[in-house]
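Structure file model-v1.txt (compact mmCIF, C-alpha atoms) is printed below.
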# COMPACT_ATOMS: atom_id res chain seq x y z
CA MET T 1 -10.11 -10.88 32.03
CA ALA T 2 -13.28 -10.62 34.07
CA PRO T 3 -16.05 -8.27 32.83
CA GLY T 4 -15.67 -6.02 35.90
CA ALA T 5 -11.92 -5.67 35.42
CA ARG T 6 -12.41 -4.94 31.72
CA ARG T 7 -14.98 -2.27 32.57
CA ASN T 8 -12.62 -0.68 35.12
CA ARG T 9 -9.81 -0.68 32.59
CA THR T 10 -12.09 0.98 30.00
CA VAL T 11 -13.20 3.62 32.50
CA ARG T 12 -9.57 4.38 33.42
CA ALA T 13 -8.64 4.65 29.74
CA LEU T 14 -11.53 7.02 29.04
CA ALA T 15 -10.66 9.11 32.11
CA ALA T 16 -7.04 9.35 30.94
CA LEU T 17 -8.19 10.32 27.46
CA ALA T 18 -10.53 12.95 28.92
CA LEU T 19 -7.52 14.43 30.70
CA VAL T 20 -4.97 14.11 27.88
CA VAL T 21 -7.08 15.59 25.05
CA PRO T 22 -7.75 18.98 26.71
CA VAL T 23 -4.15 19.22 27.92
CA ALA T 24 -2.85 18.42 24.41
CA PHE T 25 -5.22 21.01 22.97
CA LEU T 26 -4.04 23.67 25.43
CA VAL T 27 -0.38 22.84 24.74
CA GLY T 28 -1.07 23.03 21.00
CA ARG T 29 -2.75 26.40 21.38
CA ALA T 30 0.12 27.70 23.52
CA VAL T 31 3.06 26.55 21.37
CA GLY T 32 1.37 26.14 17.99
CA PHE T 33 -0.26 23.01 16.65
CA TRP T 34 2.32 22.87 13.88
CA ARG T 35 5.07 22.46 16.51
CA VAL T 36 3.20 19.61 18.18
CA ARG T 37 2.60 17.96 14.78
CA LEU T 38 6.27 18.44 13.84
CA ALA T 39 7.46 16.86 17.12
CA VAL T 40 5.06 13.92 16.75
CA GLY T 41 6.05 13.49 13.09
CA ARG T 42 9.75 13.39 14.00
CA LEU T 43 9.07 10.81 16.70
CA LEU T 44 6.95 8.67 14.39
CA ALA T 45 9.69 8.83 11.74
CA LEU T 46 11.94 6.94 14.17
CA LEU T 47 9.56 3.97 14.27
CA PRO T 48 9.50 1.20 11.67
CA ASN T 49 6.68 1.59 9.12
CA GLU T 50 6.24 -2.11 8.51
CA GLY T 51 2.80 -3.15 9.72
CA ALA T 52 1.94 0.30 11.04
CA PRO T 53 -1.28 1.95 9.83
CA ASP T 54 -0.90 5.05 7.62
CA HIS T 55 -2.00 7.45 10.37
CA VAL T 56 1.06 6.60 12.47
CA GLN T 57 3.53 6.63 9.59
CA VAL T 58 5.31 9.63 8.15
CA LEU T 59 4.48 9.59 4.46
CA PRO T 60 6.03 11.44 1.54
CA PRO T 61 3.65 13.96 -0.04
CA PRO T 62 2.41 12.79 -3.45
CA PRO T 63 4.56 14.48 -6.12
CA ASP T 64 1.52 15.75 -8.05
CA GLU T 65 0.46 17.80 -5.00
CA TYR T 66 3.39 20.21 -5.32
CA ALA T 67 1.74 23.59 -5.95
CA GLY T 68 4.70 25.98 -5.83
CA THR T 69 6.86 28.06 -3.54
CA LEU T 70 5.88 31.19 -1.67
CA PRO T 71 8.58 33.86 -1.15
CA THR T 72 7.65 34.10 2.54
CA SER T 73 9.09 32.05 5.40
CA PRO T 74 7.03 29.22 6.87
CA ALA T 75 6.34 31.38 9.95
CA GLU T 76 5.07 34.26 7.80
CA THR T 77 3.04 31.85 5.67
CA ARG T 78 1.41 30.25 8.73
CA GLU T 79 0.47 33.75 9.94
CA ARG T 80 -0.90 34.75 6.54
CA LEU T 81 -3.02 31.70 5.68
CA PRO T 82 -5.88 32.51 8.12
CA GLU T 83 -6.20 35.89 6.35
CA CYS T 84 -6.72 33.89 3.11
CA GLY T 85 -9.55 31.84 4.63
CA PHE T 86 -7.53 28.84 5.85
CA SER T 87 -7.57 27.31 9.31
CA GLU T 88 -4.89 25.17 10.88
CA LEU T 89 -5.53 21.46 10.54
CA VAL T 90 -4.52 19.45 13.56
CA ARG T 91 -5.76 16.02 12.53
CA ALA T 92 -4.04 14.94 9.30
CA TYR T 93 -1.45 12.43 8.16
CA PHE T 94 2.18 13.32 8.88
CA HIS T 95 4.38 14.07 5.88
CA ALA T 96 8.09 14.39 5.21
CA TYR T 97 10.32 13.76 2.23
CA ASP T 98 13.97 13.33 1.41
CA ARG T 99 15.74 16.36 -0.10
CA ASP T 100 19.39 15.72 -0.91
CA GLY T 101 19.78 13.17 1.90
CA GLU T 102 17.98 15.29 4.50
CA THR T 103 14.49 14.58 5.80
CA VAL T 104 12.26 17.64 5.38
CA HIS T 105 9.20 17.55 7.65
CA GLU T 106 5.94 19.37 7.13
CA VAL T 107 5.78 22.62 9.13
CA GLY T 108 2.12 23.42 8.65
CA SER T 109 -1.15 21.80 7.63
CA PHE T 110 -4.08 24.07 6.71
CA VAL T 111 -7.52 23.66 5.24
CA HIS T 112 -9.98 25.92 3.43
CA ARG T 113 -13.60 24.78 3.32
CA PRO T 114 -15.50 27.00 0.85
CA GLU T 115 -18.87 26.04 2.36
CA GLY T 116 -17.72 26.14 5.98
CA LEU T 117 -17.01 23.42 8.53
CA THR T 118 -19.94 21.30 7.36
CA GLY T 119 -19.32 21.77 3.63
CA ASP T 120 -18.68 18.69 1.49
CA TRP T 121 -15.26 19.70 0.14
CA GLN T 122 -11.97 21.24 1.23
CA VAL T 123 -8.61 22.41 -0.06
CA HIS T 124 -5.85 20.95 2.09
CA VAL T 125 -2.41 22.59 1.93
CA ARG T 126 0.80 21.43 3.54
CA LEU T 127 3.80 23.65 4.13
CA PHE T 128 7.44 22.61 3.94
CA PRO T 129 10.51 24.79 4.46
CA ALA T 130 12.33 25.55 1.21
CA PRO T 131 16.16 25.57 1.17
CA ASP T 132 16.26 29.35 0.67
CA GLY T 133 13.98 30.15 3.62
CA ALA T 134 10.83 30.34 1.48
CA THR T 135 7.84 27.97 1.82
CA GLU T 136 6.89 25.07 -0.41
CA VAL T 137 3.14 24.54 -0.72
CA TRP T 138 1.63 21.14 -1.50
CA ALA T 139 -2.14 21.07 -2.09
CA HIS T 140 -5.08 18.85 -2.96
CA TRP T 141 -8.86 19.02 -3.17
CA GLU T 142 -10.73 16.38 -1.19
CA ARG T 143 -13.89 15.43 0.65
CA ASN T 144 -14.34 16.96 4.09
CA PRO T 145 -13.65 14.17 6.63
CA TYR T 146 -16.15 15.66 9.09
CA VAL T 147 -18.95 15.28 6.54
CA ALA T 148 -17.86 12.22 4.55
CA PRO T 149 -15.22 10.32 6.56
CA LEU T 150 -15.30 7.11 4.50
CA ALA T 151 -15.30 8.96 1.17
CA HIS T 152 -12.36 11.00 2.49
CA LEU T 153 -10.39 7.88 3.43
CA ARG T 154 -11.23 6.22 0.09
CA MET T 155 -9.98 9.40 -1.61
CA GLU T 156 -13.21 9.84 -3.56
CA GLY T 157 -12.96 13.10 -5.49
CA TYR T 158 -9.30 13.59 -4.53
CA ASP T 159 -7.86 16.09 -7.03
CA PRO T 160 -4.36 17.59 -6.67
CA ALA T 161 -4.72 19.78 -9.79
CA ARG T 162 -7.89 21.40 -8.49
CA GLY T 163 -6.27 21.82 -5.06
CA GLU T 164 -3.33 23.60 -6.67
CA ARG T 165 -5.62 25.92 -8.66
CA MET T 166 -7.74 26.75 -5.63
CA ALA T 167 -4.70 27.32 -3.41
CA ALA T 168 -3.26 29.68 -6.05
CA GLU T 169 -6.58 31.60 -6.17
CA LEU T 170 -6.71 31.91 -2.38
CA ILE T 171 -3.04 32.60 -1.65
CA ASP T 172 -1.32 35.57 -3.30
CA ASP T 173 2.14 34.93 -4.79
CA LEU T 174 1.60 31.17 -5.32
The structure given in the file should be rewritten as structure tokens.
Amino acid sequence: MAPGARRNRTVRALAALALVVPVAFLVGRAVGFWRVRLAVGRLLALLPNEGAPDHVQVLPPPPDEYAGTLPTSPAETRERLPECGFSELVRAYFHAYDRDGETVHEVGSFVHRPEGLTGDWQVHVRLFPAPDGATEVWAHWERNPYVAPLAHLRMEGYDPARGERMAAELIDDL
């Protein structure tokens, strides 16, 4: 491919991205980011995992991240978490697991950063619907990817037990 054609292709790709990202953000704000993440997760689950990078696979949550069940529905829990200092996390791996032959997809991904957006650490919680209408919470403590992206990906300081303790401190009834 000639350098000029490659440059034109790059410019078109960047222009498309500049259009798609704000539209995706507005759609997410309108319908809920969790719905967009759920739809994308369900679509990705249809694709073969072999050879695909982790960020386009639907992964099972690590068993040691299970923190407990809240008596509230996922919708009520999603509404309540911002009051507990959490914000919705749009950019995170997609998770689902098998429960009695049924695939259960994540219905919420939230983060609490004790030192704010630029703090070094965060508690990441994932929500899954429980069979009785309640909400399962899975949690872990980890590096903030905005501050330490490589340490985050290498899972330096990753601690499910601390994430569970902190989630329980921040969220009543957990």
Inset, instruction - One decimal, Å: what's the distance from CA of Glu50 (chain T) over to CA of Leu153 (chain T), could you say? - result: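 Rounded to one decimal, the two atoms are 20.1 Å apart.
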Inset, instruction - Using only C-alpha atoms, determine which residues lie at most 12 Å from Ala45 (chain T), disregarding the query and same-chain residues fewer than 6 positions distant; provide the list as a VMD selection string. - result: chain T and resid 37 to 39 52 54 to 60 94 to 97 103 to 105
Inset, instruction - Could you tell me how far CA of Phe33 (chain T) lies from CA of Thr10 (chain T), in Å and to one decimal? - result: 28.3 Å
Legend entry - Shortest interatomic distance to Phe86 (chain T) - which of T:Tyr158, T:Val111, T:Leu70, T:Arg99, counting only C-alpha atoms: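 Of the candidates, the smallest distance to Phe86 (chain T) is held by T:Val111.
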Inset, instruction - Identify which of the residues T:Gly163, T:Gly157, T:Pro131, T:Gly108 lies closest to Gly32 (chain T), counting all atoms listed in the file when measuring atom-to-atom distances. - result: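 Among the listed residues, T:Gly108 lies closest to Gly32 (chain T).
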Inset, instruction - Using CA of Met155 (chain T) and CA of Glu65 (chain T) as the two end points, give the distance in Å to one decimal. - result: 13.8 Å
Box dimensions and centre (Å, one decimal) enclosing region 41-52 of chain T, axis-aligned, 5 Å extra per side, as lines of an AutoDock Vina configuration file:
center_x = 6.9
center_y = 5.2
center_z = 12.6
size_x = 20.0
size_y = 26.6
size_z = 18.2
